[in-house]
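Everything on this sheet refers to the single structure shown next.
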Amino acid sequence: KQEVTQIPAALSVPEGENLVLNCSFTDSAIYNLQWFRQDPGKGLTSLLLIQSSQREQTSGRLNASLDKSSGRSTLYIAASQPGDSATYLCAPLEYGNKLVFGAGTILRVKS
Amino acid sequence: SAVISQKPSRDICQRGTSLTIQCQVDSQVTMMFWYRQQPGQSLTLIATANQGSEATYESGFVIDKFPISRPNLTFSTLTVSNMSPEDSSIYLCSGTWRRGYTFGSGTRLTVV
């Protein structure tokens, strides 16, 4: 059974810092991996999707890497802003079209 | 990008009653799913909504409690039946498209 762990569970930083959020998964037989953002009480917003054959994806200040063989992914946020405050969720997609979610990293960026 | 409209956004319901949540997707979405997010927890898959046939439920979820319909490619409903306070959660529908998964805005359900 796929298990997804996200570290740290919570993070509070001053504005402007560069951040690294970590995700590990136990079963490397994945189709792709997606990072999401969730604001309190809201749905999920897709940030980045990395195919299993890719090493990284970039969108603006966000960069996600994937090391499928070691079961790890990282989300790098450059020059953090208060508007980045949210919960960040990592979800590998298993064959059979099942997303498995980690518990998330709660990020607070202080102005 | 693919868009999913979900309603209601929130509701407060009496125990023993039922609530039906609706999701409307655009034509880019292929598969549809329903998730539950209990307070302080991550998302758990309830079931895959299959077009024109019975949904495929995950372990721990049953059709009598969470009946799901998907009469066509673009519409699905989830009913939370005979509610108890333990059903208080955020319920989310999602769909797959060529750029991965997209989610509805969620329904925050409180059962009193």
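Each chain in the structure tokens gets a letter, A, B and so on, in the order shown; residues start at 1 in every chain, and ligands are counted from 1 in the order they appear.
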Would you list the contacts of region 65-78 of chain A as a PyMOL selection string, taking every protein, DNA or RNA residue within 7 Å and counting only C-alpha atoms, but skipping same-chain residues closer than 4 positions in sequence? chain A and resi 17-28+52+55-57+61
Out of chain A, which residues get strand (DSSP E or B) from DSSP, as a ChimeraX atom specification? /A:4-7,10-14,19-25,30-38,44-51,56-59,62-67,72-77,86-94,98-99,105-110
Give me the residues near Thr110 (chain B) as a PyMOL selection string, where near means some atom within 12 Å (using only C-alpha atoms) and where sequence neighbours in that chain fewer than 2 positions away do not count. chain B and resi 9-15+17-19+38-39+80+83-91+107-108+112
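Atom pair CA of Val25 (chain B) / CA of Leu43 (chain B) has a distance of 20.1 Å (rounded to one decimal).
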Write out, as CSV, each residue of chain A that has an atom at most 12 Å from chain B, together with the closest pair of atoms and their distance in Å to one decimal, counting only C-alpha atoms, rows going by chain and rising number.
```
residue,atom,partner,partner_atom,distance
A:Val4,CA,B:Ser42,CA,10.7
A:Thr5,CA,B:Ser42,CA,11.2
A:Gln6,CA,B:Ser42,CA,11.1
A:Ala9,CA,B:Gly40,CA,11.7
A:Tyr31,CA,B:Gly100,CA,10.4
A:Asn32,CA,B:Gly100,CA,8.5
A:Leu33,CA,B:Gly100,CA,8.9
A:Gln34,CA,B:Gly100,CA,7.4
A:Trp35,CA,B:Tyr101,CA,10.1
A:Phe36,CA,B:Thr102,CA,9.5
A:Arg37,CA,B:Phe103,CA,10.9
A:Gln38,CA,B:Ser105,CA,9.8
A:Asp39,CA,B:Ser105,CA,10.2
A:Pro40,CA,B:Gly40,CA,10.4
A:Gly41,CA,B:Arg108,CA,7.1
A:Lys42,CA,B:Ser105,CA,5.7
A:Gly43,CA,B:Ser105,CA,4.0
A:Leu44,CA,B:Phe103,CA,5.7
A:Thr45,CA,B:Phe103,CA,7.0
A:Ser46,CA,B:Thr102,CA,6.6
A:Leu47,CA,B:Thr102,CA,10.3
A:Leu48,CA,B:Gly100,CA,9.1
A:Leu49,CA,B:Gly100,CA,6.7
A:Ile50,CA,B:Gly100,CA,9.3
A:Gln51,CA,B:Gly100,CA,9.5
A:Thr87,CA,B:Ser42,CA,10.1
A:Tyr88,CA,B:Ser42,CA,10.6
A:Leu89,CA,B:Ser42,CA,8.4
A:Cys90,CA,B:Ser42,CA,10.3
A:Ala91,CA,B:Leu43,CA,9.9
A:Pro92,CA,B:Gly100,CA,10.7
A:Leu93,CA,B:Gly100,CA,9.1
A:Gly96,CA,B:Thr48,CA,10.8
A:Asn97,CA,B:Met31,CA,8.7
A:Lys98,CA,B:Leu45,CA,8.2
A:Leu99,CA,B:Leu45,CA,8.1
A:Val100,CA,B:Thr44,CA,7.9
A:Phe101,CA,B:Leu43,CA,6.2
A:Gly102,CA,B:Ser42,CA,6.5
A:Ala103,CA,B:Ser42,CA,4.8
A:Gly104,CA,B:Ser42,CA,7.0
A:Thr105,CA,B:Ser42,CA,10.5
A:Ile106,CA,B:Gly40,CA,10.8
```
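In this structure, CA of Asn72 (chain B) sits 9.0 Å away from CA of Asn50 (chain B).
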One-decimal distance in Å that lies between CA of Gln24 (chain B) and CA of Ser69 (chain B): 12.1 Å
Compile the contact shell of Ser85 (chain A) as a ChimeraX atom specification: residues with an atom at most 6 Å away, counting only C-alpha atoms, same-chain residues fewer than 2 positions apart removed. /A:82-83,107-109
Selection to disk with all heavy atoms, as a PDB file, in the first residue's frame:
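File part_7.pdb, as written:
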```pdb
ATOM      1  N   PRO A  82       3.637  36.352   1.415  1.00  0.00           N
ATOM      2  CA  PRO A  82       2.512  36.019   2.297  1.00  0.00           C
ATOM      3  C   PRO A  82       1.387  35.282   1.576  1.00  0.00           C
ATOM      4  O   PRO A  82       0.726  34.416   2.152  1.00  0.00           O
ATOM      5  CB  PRO A  82       2.055  37.382   2.821  1.00  0.00           C
ATOM      6  CG  PRO A  82       3.304  38.198   2.813  1.00  0.00           C
ATOM      7  CD  PRO A  82       4.060  37.756   1.584  1.00  0.00           C
ATOM      8  N   GLY A  83       1.174  35.583   0.309  1.00  0.00           N
ATOM      9  CA  GLY A  83       0.145  34.905  -0.472  1.00  0.00           C
ATOM     10  C   GLY A  83       0.438  33.444  -0.735  1.00  0.00           C
ATOM     11  O   GLY A  83      -0.450  32.700  -1.181  1.00  0.00           O
ATOM     12  N   LEU A 107       2.148  25.892   5.413  1.00  0.00           N
ATOM     13  CA  LEU A 107       3.130  26.963   5.259  1.00  0.00           C
ATOM     14  C   LEU A 107       2.530  28.297   5.659  1.00  0.00           C
ATOM     15  O   LEU A 107       1.435  28.652   5.224  1.00  0.00           O
ATOM     16  CB  LEU A 107       3.608  27.029   3.805  1.00  0.00           C
ATOM     17  CG  LEU A 107       4.513  28.216   3.450  1.00  0.00           C
ATOM     18  CD1 LEU A 107       5.821  28.146   4.234  1.00  0.00           C
ATOM     19  CD2 LEU A 107       4.788  28.259   1.958  1.00  0.00           C
ATOM     20  N   ARG A 108       3.266  29.022   6.457  1.00  0.00           N
ATOM     21  CA  ARG A 108       2.888  30.393   6.806  1.00  0.00           C
ATOM     22  C   ARG A 108       4.072  31.297   6.490  1.00  0.00           C
ATOM     23  O   ARG A 108       5.176  31.102   7.005  1.00  0.00           O
ATOM     24  CB  ARG A 108       2.514  30.512   8.273  1.00  0.00           C
ATOM     25  CG  ARG A 108       2.090  31.920   8.671  1.00  0.00           C
ATOM     26  CD  ARG A 108       1.843  32.051  10.159  1.00  0.00           C
ATOM     27  NE  ARG A 108       1.646  33.439  10.534  1.00  0.00           N
ATOM     28  CZ  ARG A 108       1.983  33.959  11.699  1.00  0.00           C
ATOM     29  NH1 ARG A 108       2.542  33.191  12.610  1.00  0.00           N
ATOM     30  NH2 ARG A 108       1.747  35.212  11.970  1.00  0.00           N
ATOM     31  N   VAL A 109       3.821  32.264   5.632  1.00  0.00           N
ATOM     32  CA  VAL A 109       4.842  33.251   5.279  1.00  0.00           C
ATOM     33  C   VAL A 109       4.449  34.567   5.918  1.00  0.00           C
ATOM     34  O   VAL A 109       3.398  35.144   5.624  1.00  0.00           O
ATOM     35  CB  VAL A 109       4.967  33.397   3.755  1.00  0.00           C
ATOM     36  CG1 VAL A 109       6.068  34.413   3.429  1.00  0.00           C
ATOM     37  CG2 VAL A 109       5.263  32.059   3.096  1.00  0.00           C
TER      38      VAL A 109
END
```
